[in-house]
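So this block is upload.cif, mmCIF, C-alpha atoms:
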```cif
data_upload
loop_
_atom_site.label_atom_id
_atom_site.label_comp_id
_atom_site.auth_asym_id
_atom_site.auth_seq_id
_atom_site.Cartn_x
_atom_site.Cartn_y
_atom_site.Cartn_z
CA MET A 247 16.33 32.03 0.49
CA ALA A 248 13.31 29.84 1.11
CA GLU A 249 14.02 26.12 0.96
CA THR A 250 12.52 24.43 -2.06
CA VAL A 251 11.93 21.29 -0.01
CA LYS A 252 9.54 21.34 2.89
CA LEU A 253 8.40 18.43 5.03
CA LEU A 254 5.10 18.78 6.86
CA GLY A 255 5.16 16.32 9.71
CA THR A 256 5.53 15.69 13.42
CA LYS A 257 8.43 14.29 15.40
CA GLY A 258 6.06 11.94 17.17
CA SER A 259 4.92 10.18 14.00
CA PRO A 260 6.75 7.09 12.70
CA TYR A 261 5.37 7.84 9.23
CA SER A 262 6.80 11.35 9.24
CA HIS A 263 10.05 9.72 10.49
CA ARG A 264 10.34 7.65 7.30
CA ALA A 265 10.23 10.75 5.13
CA GLU A 266 12.64 12.66 7.35
CA VAL A 267 15.26 9.89 7.41
CA ALA A 268 15.02 9.55 3.63
CA LEU A 269 15.76 13.27 3.20
CA ARG A 270 18.66 13.11 5.66
CA LEU A 271 20.18 10.07 3.93
CA LYS A 272 20.16 12.05 0.67
CA GLU A 273 21.56 15.12 2.48
CA VAL A 274 18.74 17.27 1.14
CA ASN A 275 18.33 20.74 2.65
CA PHE A 276 14.79 20.89 3.87
CA GLU A 277 12.54 22.86 6.15
CA PHE A 278 10.62 20.81 8.74
CA LEU A 279 7.20 22.31 9.32
CA HIS A 280 5.63 20.92 12.49
CA GLU A 281 1.95 20.19 12.18
CA ASP A 282 -0.48 20.42 15.07
CA LEU A 283 -2.70 17.49 14.10
CA ALA A 284 -5.54 18.76 16.28
CA HIS A 285 -5.52 21.98 14.24
CA LYS A 286 -4.39 21.10 10.75
CA SER A 287 -2.80 23.96 8.85
CA ASP A 288 -4.20 25.44 5.65
CA MET A 289 -1.01 24.31 4.00
CA LEU A 290 -1.59 20.66 4.96
CA LEU A 291 -5.19 20.75 3.78
CA ARG A 292 -4.14 22.38 0.50
CA TYR A 293 -1.31 19.94 -0.22
CA ASN A 294 -3.11 16.78 0.92
CA PRO A 295 -6.82 17.47 0.37
CA ILE A 296 -7.81 13.83 -0.03
CA HIS A 297 -6.26 12.17 3.03
CA LYS A 298 -5.38 15.32 5.08
CA LYS A 299 -2.50 13.48 6.75
CA ILE A 300 1.21 13.88 7.37
CA PRO A 301 3.85 13.45 6.12
CA VAL A 302 3.58 15.73 3.12
CA LEU A 303 6.68 16.50 1.10
CA VAL A 304 6.56 19.74 -0.84
CA HIS A 305 9.24 20.02 -3.54
CA GLU A 306 9.17 23.10 -5.76
CA GLU A 307 5.53 23.66 -4.85
CA LYS A 308 4.48 20.12 -5.79
CA SER A 309 3.23 17.83 -3.05
CA ILE A 310 3.88 14.15 -2.51
CA VAL A 311 1.96 12.22 0.16
CA GLU A 312 1.79 8.76 1.77
CA SER A 313 5.03 7.98 3.62
CA LEU A 314 6.31 5.10 1.47
CA ILE A 315 5.47 6.98 -1.73
CA VAL A 316 7.42 9.96 -0.33
CA VAL A 317 10.43 7.71 0.37
CA GLU A 318 10.36 6.29 -3.18
CA TYR A 319 10.12 9.83 -4.52
CA VAL A 320 13.11 10.99 -2.46
CA HIS A 321 15.07 7.95 -3.68
CA GLU A 322 14.32 8.84 -7.32
CA ALA A 323 14.36 12.64 -7.29
CA PHE A 324 17.62 13.25 -5.44
CA ASN A 325 21.10 11.94 -6.16
CA GLY A 326 23.30 10.16 -3.70
CA TYR A 327 22.34 7.42 -1.26
CA ALA A 328 20.44 4.48 -2.76
CA ILE A 329 17.44 3.83 -0.53
CA LEU A 330 15.98 1.13 -2.79
CA PRO A 331 17.94 -1.69 -4.44
CA SER A 332 18.85 -1.42 -8.11
CA ASP A 333 17.75 -4.95 -9.03
CA PRO A 334 14.02 -5.14 -9.96
CA TYR A 335 13.42 -8.36 -8.00
CA GLU A 336 15.16 -7.02 -4.88
CA ARG A 337 13.15 -3.82 -5.29
CA ALA A 338 9.90 -5.82 -5.46
CA MET A 339 10.93 -7.71 -2.30
CA ALA A 340 11.64 -4.43 -0.49
CA ARG A 341 8.20 -3.11 -1.43
CA ILE A 342 6.54 -6.37 -0.34
CA TRP A 343 8.17 -6.28 3.11
CA ALA A 344 7.45 -2.59 3.63
CA ARG A 345 3.81 -3.35 2.87
CA TYR A 346 3.88 -6.32 5.26
CA ILE A 347 5.07 -4.02 8.02
CA ASP A 348 2.22 -1.59 7.33
CA GLU A 349 -0.53 -4.17 6.87
CA LYS A 350 0.41 -6.85 9.40
CA VAL A 351 3.16 -5.93 11.86
CA ILE A 352 2.05 -2.45 12.89
CA PRO A 353 -1.73 -3.03 13.20
CA ALA A 354 -1.29 -6.24 15.23
CA PHE A 355 1.25 -4.63 17.56
CA TRP A 356 -0.80 -1.46 17.96
CA MET A 357 -3.96 -3.35 18.84
CA SER A 358 -2.00 -5.60 21.25
CA CYS A 359 -1.13 -2.47 23.22
CA TRP A 360 -4.59 -0.96 23.40
CA THR A 361 -6.94 -3.90 23.98
CA ASP A 362 -7.44 -6.29 26.85
CA GLY A 363 -8.82 -9.73 27.67
CA GLU A 364 -9.40 -12.28 24.93
CA MET A 365 -9.16 -9.64 22.22
CA GLN A 366 -5.68 -8.70 23.38
CA LYS A 367 -4.60 -12.34 23.46
CA GLY A 368 -5.68 -12.67 19.85
CA PHE A 369 -3.77 -9.58 18.75
CA ILE A 370 -0.68 -10.61 20.70
CA GLY A 371 -0.70 -13.94 18.88
CA GLN A 372 -0.90 -12.15 15.53
CA ALA A 373 1.81 -9.67 16.50
CA LYS A 374 4.18 -12.43 17.63
CA GLU A 375 3.72 -14.29 14.36
CA ALA A 376 4.27 -11.12 12.33
CA LEU A 377 7.40 -10.17 14.29
CA THR A 378 8.83 -13.67 13.85
CA ILE A 379 8.27 -13.50 10.11
CA LEU A 380 9.78 -10.01 9.95
CA GLU A 381 12.82 -11.04 12.01
CA SER A 382 13.48 -13.95 9.65
CA GLN A 383 13.92 -11.44 6.82
CA LEU A 384 17.10 -10.12 8.43
CA LYS A 385 18.74 -13.46 7.54
CA GLY A 386 22.18 -12.74 8.98
CA LYS A 387 22.34 -9.20 7.54
CA LYS A 388 23.06 -6.12 9.63
CA PHE A 389 20.04 -4.30 8.19
CA PHE A 390 17.09 -5.29 6.01
CA GLY A 391 18.85 -3.27 3.31
CA GLY A 392 22.12 -5.20 3.76
CA ASP A 393 25.20 -3.38 5.09
CA SER A 394 23.39 -0.06 5.18
CA ILE A 395 19.81 0.94 5.88
CA GLY A 396 17.27 0.86 3.08
CA PHE A 397 13.58 1.04 2.28
CA VAL A 398 12.48 -1.76 4.60
CA ASP A 399 14.56 -0.41 7.50
CA LEU A 400 12.85 2.98 7.14
CA ALA A 401 9.46 1.30 6.95
CA ALA A 402 10.36 -0.61 10.13
CA GLY A 403 11.44 2.55 12.00
CA MET A 404 8.33 2.26 14.12
CA VAL A 405 9.41 -1.21 15.19
CA ALA A 406 12.90 0.01 16.09
CA PHE A 407 11.93 2.99 18.21
CA TRP A 408 8.22 3.32 18.81
CA PHE A 409 7.39 -0.30 19.68
CA GLY A 410 9.57 -0.27 22.80
CA ILE A 411 7.93 2.97 23.94
CA LEU A 412 4.37 1.82 23.22
CA GLN A 413 4.75 -1.49 25.01
CA GLU A 414 6.28 0.26 28.04
CA VAL A 415 3.28 2.60 28.25
CA ALA A 416 0.85 -0.26 27.66
CA GLY A 417 2.55 -2.48 30.22
CA ILE A 418 3.27 -5.44 27.96
CA SER A 419 6.49 -7.02 26.73
CA LEU A 420 6.15 -8.21 23.16
CA LEU A 421 9.33 -7.11 21.43
CA ASN A 422 12.00 -8.26 23.87
CA GLU A 423 15.55 -9.56 23.56
CA GLU A 424 14.68 -13.01 24.79
CA ASP A 425 12.06 -13.64 22.11
CA TYR A 426 13.53 -11.53 19.31
CA PRO A 427 17.28 -11.19 19.80
CA VAL A 428 18.01 -10.50 16.14
CA LEU A 429 15.28 -7.91 15.73
CA CYS A 430 16.29 -6.14 18.95
CA ARG A 431 19.93 -6.03 17.83
CA TRP A 432 18.76 -4.58 14.50
CA ALA A 433 16.67 -1.97 16.32
CA ASP A 434 19.73 -0.76 18.26
CA ASP A 435 21.83 -0.63 15.09
CA TYR A 436 19.08 1.21 13.20
CA CYS A 437 18.69 3.84 15.89
CA SER A 438 22.47 4.38 15.92
CA VAL A 439 22.59 5.44 12.26
CA GLU A 440 23.34 9.18 12.09
CA ALA A 441 20.40 10.11 9.81
CA VAL A 442 18.04 8.20 12.10
CA LYS A 443 19.46 9.67 15.34
CA GLU A 444 18.95 13.18 13.97
CA SER A 445 15.29 12.40 13.24
CA LEU A 446 14.29 10.84 16.54
CA LEU A 447 12.71 12.64 19.44
CA ASP A 448 14.12 12.10 22.91
CA ARG A 449 12.78 8.76 24.15
CA LYS A 450 11.62 10.14 27.50
CA LEU A 451 9.54 12.79 25.75
CA LEU A 452 7.82 10.24 23.56
CA VAL A 453 7.12 7.94 26.53
CA ALA A 454 5.60 10.88 28.40
CA HIS A 455 3.55 11.82 25.34
CA PHE A 456 1.99 8.37 24.90
CA ALA A 457 1.50 7.95 28.64
CA SER A 458 -0.48 11.18 28.74
CA LYS A 459 -2.66 10.04 25.83
CA LYS A 460 -3.03 6.45 27.09
CA GLU A 461 -6.68 6.61 28.13
CA LYS A 462 -7.73 8.37 24.95
CA ILE A 463 -5.93 5.84 22.74
CA PHE A 464 -7.37 2.91 24.73
CA ALA A 465 -10.85 4.26 24.13
CA THR A 466 -10.56 5.12 20.45
CA LYS A 467 -7.67 2.85 19.32
CA ALA A 468 -6.74 5.79 17.07
CA PRO A 469 -3.11 6.93 16.99
CA VAL A 470 -2.19 10.30 18.45
CA TYR A 471 1.25 11.18 17.15
CA ASP A 472 1.68 14.81 17.98
CA MET B 139 9.99 -24.30 -6.45
CA ALA B 140 12.37 -25.32 -9.23
CA SER B 141 14.34 -22.51 -10.82
CA GLU B 142 12.58 -23.02 -14.12
CA LYS B 143 13.01 -20.36 -16.72
CA GLY B 144 9.83 -18.62 -17.67
CA VAL B 145 6.86 -16.77 -16.29
CA MET B 146 3.92 -18.25 -14.45
CA LEU B 147 0.92 -16.48 -12.95
CA LEU B 148 -1.11 -18.02 -10.12
CA ASP B 149 -4.50 -16.38 -10.30
CA PHE B 150 -8.28 -16.61 -10.03
CA TRP B 151 -10.44 -15.86 -13.07
CA VAL B 152 -12.57 -13.02 -11.74
CA SER B 153 -9.96 -11.37 -9.48
CA PRO B 154 -9.44 -7.73 -10.48
CA PHE B 155 -6.04 -7.92 -8.76
CA GLY B 156 -4.98 -10.87 -10.91
CA GLN B 157 -6.30 -9.08 -13.97
CA ARG B 158 -3.94 -6.18 -13.33
CA ALA B 159 -1.02 -8.58 -13.72
CA ARG B 160 -2.54 -10.19 -16.82
CA ILE B 161 -3.08 -6.82 -18.51
CA ALA B 162 0.48 -5.71 -17.74
CA LEU B 163 1.91 -8.95 -19.15
CA ALA B 164 -0.25 -8.62 -22.28
CA GLU B 165 0.76 -4.98 -22.83
CA LYS B 166 4.40 -6.11 -22.73
CA GLY B 167 3.81 -9.13 -24.97
CA VAL B 168 5.21 -11.53 -22.36
CA GLN B 169 4.52 -15.24 -22.83
CA TYR B 170 3.44 -16.88 -19.59
CA GLU B 171 1.71 -19.89 -18.12
CA TYR B 172 -1.60 -19.12 -16.43
CA LYS B 173 -2.60 -21.32 -13.51
CA GLU B 174 -6.14 -21.04 -12.17
CA GLU B 175 -6.25 -21.51 -8.39
CA ASN B 176 -9.10 -23.04 -6.47
CA LEU B 177 -9.29 -20.61 -3.57
CA THR B 178 -11.10 -23.07 -1.34
CA GLU B 179 -8.32 -25.59 -1.89
CA LYS B 180 -5.09 -23.71 -2.49
CA SER B 181 -2.36 -25.54 -4.36
CA GLU B 182 1.00 -26.56 -2.87
CA LEU B 183 2.63 -24.23 -5.34
CA LEU B 184 0.63 -21.21 -4.15
CA LEU B 185 1.28 -21.99 -0.48
CA LYS B 186 4.99 -22.30 -1.23
CA ALA B 187 5.14 -19.22 -3.46
CA ASN B 188 3.23 -16.98 -1.06
CA PRO B 189 3.55 -18.60 2.36
CA VAL B 190 2.90 -15.38 4.27
CA HIS B 191 -0.40 -14.28 2.69
CA LYS B 192 -1.41 -17.40 0.71
CA LYS B 193 -3.14 -15.10 -1.80
CA ILE B 194 -3.30 -14.64 -5.53
CA PRO B 195 -2.03 -13.19 -7.77
CA VAL B 196 1.53 -14.47 -7.54
CA LEU B 197 3.93 -13.97 -10.44
CA ILE B 198 6.71 -16.55 -10.58
CA HIS B 199 9.59 -15.38 -12.79
CA ASP B 200 12.42 -17.85 -13.30
CA GLY B 201 11.35 -19.58 -10.10
CA LYS B 202 11.21 -16.39 -8.01
CA PRO B 203 7.79 -15.33 -6.68
CA VAL B 204 6.44 -11.78 -6.53
CA CYS B 205 3.13 -11.06 -4.83
CA GLU B 206 0.80 -8.09 -4.30
CA SER B 207 -0.76 -6.98 -7.59
CA LEU B 208 0.61 -3.42 -7.82
CA ILE B 209 4.09 -4.58 -6.84
CA ILE B 210 3.79 -7.26 -9.56
CA VAL B 211 2.78 -4.62 -12.15
CA GLU B 212 5.76 -2.37 -11.25
CA TYR B 213 8.05 -5.40 -11.42
CA ILE B 214 6.73 -6.35 -14.87
CA ASP B 215 7.18 -2.73 -16.01
CA GLU B 216 10.78 -2.65 -14.76
CA VAL B 217 11.86 -6.04 -16.12
CA TRP B 218 10.22 -5.72 -19.55
CA SER B 219 11.10 -2.06 -19.85
CA ASP B 220 11.70 -2.12 -23.62
CA LYS B 221 8.01 -2.09 -24.51
CA ALA B 222 4.87 -0.18 -23.49
CA PRO B 223 6.13 1.68 -20.40
CA LEU B 224 3.41 1.82 -17.76
CA MET B 225 5.09 4.16 -15.27
CA PRO B 226 6.11 7.69 -16.27
CA SER B 227 9.82 8.50 -16.17
CA ASP B 228 9.54 11.72 -14.12
CA PRO B 229 9.78 11.10 -10.34
CA TYR B 230 6.89 13.43 -9.49
CA GLN B 231 4.61 11.84 -12.11
CA ARG B 232 5.63 8.44 -10.76
CA ALA B 233 4.68 9.50 -7.23
CA GLN B 234 1.31 10.68 -8.56
CA ALA B 235 0.77 7.37 -10.36
CA ARG B 236 1.58 5.42 -7.19
CA PHE B 237 -0.74 7.66 -5.16
CA TRP B 238 -3.74 7.11 -7.44
CA ALA B 239 -3.11 3.37 -7.80
CA ASP B 240 -2.90 3.21 -3.99
CA PHE B 241 -6.13 5.23 -3.80
CA VAL B 242 -7.90 2.69 -6.03
CA ASP B 243 -6.45 -0.10 -3.86
CA LYS B 244 -7.61 1.42 -0.59
CA LYS B 245 -11.04 2.57 -1.72
CA VAL B 246 -12.67 0.87 -4.72
CA TYR B 247 -12.63 -2.83 -3.78
CA ASP B 248 -13.61 -2.38 -0.13
CA CYS B 249 -16.36 0.09 -0.82
CA GLY B 250 -17.57 -2.01 -3.75
CA SER B 251 -17.80 -5.09 -1.54
CA ARG B 252 -19.90 -3.17 0.95
CA LEU B 253 -22.31 -2.29 -1.85
CA TRP B 254 -23.30 -5.92 -2.35
CA LYS B 255 -22.70 -7.20 1.20
CA LEU B 256 -24.82 -4.67 3.05
CA LYS B 257 -28.42 -3.51 2.99
CA GLY B 258 -30.46 -0.52 4.11
CA GLU B 259 -28.70 2.46 5.67
CA GLU B 260 -25.24 0.85 5.63
CA GLN B 261 -25.56 0.20 1.91
CA GLN B 262 -26.71 3.77 1.33
CA ALA B 263 -23.61 5.03 3.16
CA ALA B 264 -21.40 2.79 1.00
CA LYS B 265 -23.18 4.07 -2.13
CA LYS B 266 -22.54 7.68 -1.12
CA GLU B 267 -18.88 6.83 -0.56
CA MET B 268 -18.57 5.02 -3.91
CA ILE B 269 -20.01 8.02 -5.72
CA GLU B 270 -17.45 10.28 -4.00
CA ILE B 271 -14.64 7.89 -4.95
CA LEU B 272 -15.77 7.79 -8.60
CA GLN B 273 -16.04 11.57 -8.71
CA LEU B 274 -12.52 12.00 -7.32
CA LEU B 275 -11.26 9.63 -10.00
CA GLU B 276 -13.31 11.53 -12.59
CA ALA B 277 -11.64 14.80 -11.55
CA GLN B 278 -8.22 13.14 -11.75
CA LEU B 279 -8.93 11.77 -15.23
CA GLY B 280 -10.24 15.10 -16.50
CA ASP B 281 -10.17 15.32 -20.28
CA LYS B 282 -7.19 12.99 -20.66
CA LYS B 283 -7.49 9.91 -22.83
CA TYR B 284 -6.15 7.75 -20.01
CA PHE B 285 -5.15 8.35 -16.39
CA GLY B 286 -1.61 8.03 -17.76
CA GLY B 287 -2.21 10.86 -20.25
CA ASP B 288 -1.93 9.91 -23.90
CA SER B 289 -0.55 6.49 -23.02
CA PHE B 290 -2.21 3.70 -21.09
CA GLY B 291 -0.39 3.60 -17.76
CA PHE B 292 -0.05 2.31 -14.22
CA VAL B 293 -3.24 3.88 -12.84
CA ASP B 294 -5.23 2.65 -15.84
CA VAL B 295 -3.98 -0.90 -15.19
CA ALA B 296 -4.79 -0.53 -11.47
CA PHE B 297 -8.36 0.66 -12.01
CA VAL B 298 -9.61 -0.90 -15.25
CA PRO B 299 -10.36 -4.42 -13.89
CA PHE B 300 -12.90 -2.87 -11.53
CA THR B 301 -14.89 -1.55 -14.50
CA SER B 302 -16.34 -5.01 -15.09
CA TRP B 303 -17.69 -4.78 -11.54
CA PHE B 304 -19.53 -1.51 -12.30
CA TYR B 305 -22.63 -3.41 -13.46
CA SER B 306 -22.73 -5.33 -10.15
CA TYR B 307 -22.22 -2.15 -8.10
CA GLU B 308 -24.97 -0.38 -10.09
CA THR B 309 -27.42 -3.24 -9.83
CA CYS B 310 -26.90 -3.89 -6.10
CA ALA B 311 -26.93 -0.24 -5.05
CA ASN B 312 -29.18 1.26 -7.71
CA PHE B 313 -27.13 4.01 -9.28
CA SER B 314 -25.39 4.64 -12.59
CA VAL B 315 -21.63 5.09 -12.99
CA GLU B 316 -22.24 7.00 -16.22
CA GLY B 317 -24.64 9.25 -14.36
CA VAL B 318 -22.17 10.18 -11.61
CA ALA B 319 -18.86 9.92 -13.50
CA PRO B 320 -19.43 10.12 -17.29
CA LYS B 321 -15.72 10.60 -18.12
CA VAL B 322 -14.81 7.46 -16.16
CA ALA B 323 -17.55 5.58 -18.05
CA GLN B 324 -16.14 6.79 -21.40
CA TRP B 325 -12.61 5.90 -20.29
CA ALA B 326 -13.77 2.37 -19.42
CA LYS B 327 -15.15 1.95 -22.95
CA ARG B 328 -11.92 3.32 -24.46
CA CYS B 329 -9.85 0.85 -22.45
CA LEU B 330 -11.92 -2.05 -23.77
CA GLU B 331 -10.68 -1.13 -27.26
CA ARG B 332 -7.23 -2.28 -26.13
CA GLU B 333 -6.64 -5.96 -26.81
CA SER B 334 -4.91 -6.51 -23.45
CA VAL B 335 -7.99 -5.25 -21.61
CA ALA B 336 -10.64 -6.82 -23.83
CA LYS B 337 -9.05 -10.25 -23.55
CA THR B 338 -8.58 -10.01 -19.78
CA LEU B 339 -11.64 -8.43 -18.23
CA SER B 340 -14.48 -10.68 -17.18
CA ASP B 341 -17.89 -10.21 -18.73
CA PRO B 342 -19.84 -7.91 -16.36
CA LYS B 343 -22.76 -10.34 -16.36
CA LYS B 344 -20.46 -13.18 -15.29
CA VAL B 345 -19.07 -10.95 -12.53
CA TYR B 346 -22.63 -10.30 -11.39
CA GLU B 347 -23.34 -14.05 -11.32
CA PHE B 348 -20.25 -14.45 -9.17
CA VAL B 349 -21.40 -11.66 -6.83
CA CYS B 350 -24.80 -13.39 -6.50
CA PHE B 351 -23.00 -16.62 -5.68
CA LEU B 352 -21.00 -14.79 -2.98
CA LYS B 353 -24.15 -13.19 -1.61
CA LYS B 354 -25.75 -16.61 -1.18
CA LYS B 355 -22.57 -17.95 0.36
CA PHE B 356 -22.44 -15.10 2.90
CA GLY B 357 -26.18 -15.24 3.50
CA VAL B 358 -26.91 -11.75 2.19
CA GLU B 359 -30.40 -11.00 0.96
#
```
Structure encoded using structure tokens:
Amino acid sequence: MAETVKLLGTKGSPYSHRAEVALRLKEVNFEFLHEDLAHKSDMLLRYNPIHKKIPVLVHEEKSIVESLIVVEYVHEAFNGYAILPSDPYERAMARIWARYIDEKVIPAFWMSCWTDGEMQKGFIGQAKEALTILESQLKGKKFFGGDSIGFVDLAAGMVAFWFGILQEVAGISLLNEEDYPVLCRWADDYCSVEAVKESLLDRKLLVAHFASKKEKIFATKAPVYD
Amino acid sequence: MASEKGVMLLDFWVSPFGQRARIALAEKGVQYEYKEENLTEKSELLLKANPVHKKIPVLIHDGKPVCESLIIVEYIDEVWSDKAPLMPSDPYQRAQARFWADFVDKKVYDCGSRLWKLKGEEQQAAKKEMIEILQLLEAQLGDKKYFGGDSFGFVDVAFVPFTSWFYSYETCANFSVEGVAPKVAQWAKRCLERESVAKTLSDPKKVYEFVCFLKKKFGVE
């Protein structure tokens, strides 16, 4: 019987990761369809004609796109694990911090890896500030979501797993235990959660992948996740 | 910030993002205190309420701040859920509403700004992009009364404040919204029949004056 839930994505993409972890937390049976981003499938173009990006969640032939929108959909459409808080104010806070990760943390960190000279110094300054602000949100909790992972933790998946890999390939040390002990401890705890472990690619493979694409990324600054 | 009971909105008169919050509050019949911010000299309250971005709008509800306009609108919808629901109840429809509101967020304001900031070929490219954006929105609206269907909804709130900027976009880039997206133009007129929208939106001519002021300030001519 064909699965009614399909996820179009790639293991290398932190955005696809968010959607995959959400589905695993809800224990949804789904089919993972790997996209070759250099040769996008007809299915991807049909289900996401406007942005043509992954992840795309297809549920009973209806498509949902944009990773954080997919996560909210999974939270609402399937029973079980609560990915978002039930209180409206806490929910607003979760959305605000997820957005902060997307708009401030990730771009500053990404550009810190793939620029040099004065430009890099500028981005590193921004990234450090953003990471400090993000770390302060943990406020003595195990996860951003409290005792268990939630919306902000999923949004920060890239910080937990990809940042260490990217900075290793780029030869910088931004997110380290000395400067961010709390965030690094959170990253380890996040990556140890079963649903997350099942979604992550082997670290060595991802390091090799980014190392092989290093020159291309340095030139274009564009992400290459597959 | 004292934990005062009540609702306050820190805002700037012509901001389409602030207007989203104002429209949502009006639709729900919520009493609130409006505080106009001087964006060149931000108040202590704003800097305390939104220390990370220092931007408006900020909704302060019983002393607790919420920022980012679409997050504010969802919050208002969830707290004052007894009246005028803005989000659909079906999860798929909700995802669609969030997608299109996000689309307006990512595309309309940035592209619109390029229409008045740039000249020559760059402006022509922005104009082409704006027309594409309006036509995508036109296709999404279709023959529905509102983006939300029969009821005024989340996407309508997200997009309608930009309709008072249409005159500025048209004048700066020399095109007609009605010409390229007639259903969107009709929808804009229909929305103005709603009290919440009519009382909130800035006069298009005043918006244009503001755009001219910005152009001088940024040395565009």
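Every chain B residue lying within 7 Å of chain A, based on only C-alpha atoms, is listed here: Val204, Ile209, Tyr213, Glu216, Val217, Pro229, Tyr230, Ala233 and Arg236 of chain B.
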Determine the axis-aligned bounding box of all atoms of stretch 327-341 of chain A present in the file, pad each side by 8 Å, and express its centre and edge lengths in Å to one decimal place as AutoDock Vina command-line options.
```
--center_x 15.3 --center_y -0.5 --center_z -5.2 --size_x 30.1 --size_y 31.8 --size_z 25.5
```
**Prompt:** Nearest to B:Trp238 among B:Leu253, B:Ala319, B:Leu208, B:Ala311, with distances taken over all atoms listed in the file: which residue is it?
**Reply:**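 Comparing B:Leu253, B:Ala319, B:Leu208, B:Ala311 against B:Trp238, the winner is B:Leu208.
A straight line drawn from atom CA of B:Val211 to atom CA of B:Phe351 is 29.2 Å long.
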**Item:** Residue nearest B:Gly250 among B:Cys205, B:Leu224, B:Cys310, B:Ala162 (counting only C-alpha atoms)
**Value:** B:Cys310
Using the chain letters and residue numbers of this document, give as a JSON list (two decimals) with C-alpha atoms, in the frame of the given file the residues selected by the PyMOL selection byres ((chain A and resi 372) around 12).
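Generated output (out_6.json):
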```json
[["chain", "number", "residue", "atom", "x", "y", "z"],
["A", 349, "GLU", "CA", -0.53, -4.17, 6.87],
["A", 350, "LYS", "CA", 0.41, -6.85, 9.40],
["A", 351, "VAL", "CA", 3.16, -5.93, 11.86],
["A", 352, "ILE", "CA", 2.05, -2.45, 12.89],
["A", 353, "PRO", "CA", -1.73, -3.03, 13.20],
["A", 354, "ALA", "CA", -1.29, -6.24, 15.23],
["A", 355, "PHE", "CA", 1.25, -4.63, 17.56],
["A", 356, "TRP", "CA", -0.80, -1.46, 17.96],
["A", 357, "MET", "CA", -3.96, -3.35, 18.84],
["A", 358, "SER", "CA", -2.00, -5.60, 21.25],
["A", 365, "MET", "CA", -9.16, -9.64, 22.22],
["A", 366, "GLN", "CA", -5.68, -8.70, 23.38],
["A", 367, "LYS", "CA", -4.60, -12.34, 23.46],
["A", 368, "GLY", "CA", -5.68, -12.67, 19.85],
["A", 369, "PHE", "CA", -3.77, -9.58, 18.75],
["A", 370, "ILE", "CA", -0.68, -10.61, 20.70],
["A", 371, "GLY", "CA", -0.70, -13.94, 18.88],
["A", 373, "ALA", "CA", 1.81, -9.67, 16.50],
["A", 374, "LYS", "CA", 4.18, -12.43, 17.63],
["A", 375, "GLU", "CA", 3.72, -14.29, 14.36],
["A", 376, "ALA", "CA", 4.27, -11.12, 12.33],
["A", 377, "LEU", "CA", 7.40, -10.17, 14.29],
["A", 378, "THR", "CA", 8.83, -13.67, 13.85],
["A", 379, "ILE", "CA", 8.27, -13.50, 10.11],
["A", 420, "LEU", "CA", 6.15, -8.21, 23.16]]
```
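Coordinates place atom CA of B:Lys321 at a distance of 7.5 Å from atom CA of B:Leu279.
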**Asked** Quick one: distance from atom CA of B:Val168 to atom CA of B:Val145 in Å, one decimal?
**Response**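 If I compute the distance from atom CA of B:Val168 to atom CA of B:Val145, I get 8.2 Å.
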**Request:** List the residues matched by the PyMOL selection byres ((chain B and resi 327) around 12) in the displayed structure as an MDAnalysis selection string, ordered by chain and then by residue number.
**Result:** chainID B and resid 283:284 298 301:302 316 320:326 328:332 335:336 339
**Asked** Leaving out A:Val439 and any residue of its chain fewer than 2 positions from it, which residues lie within 10 Å of it when counting only C-alpha atoms, given as a PyMOL selection string?
**Response** chain A and resi 267+271+394-395+434-437+441-444
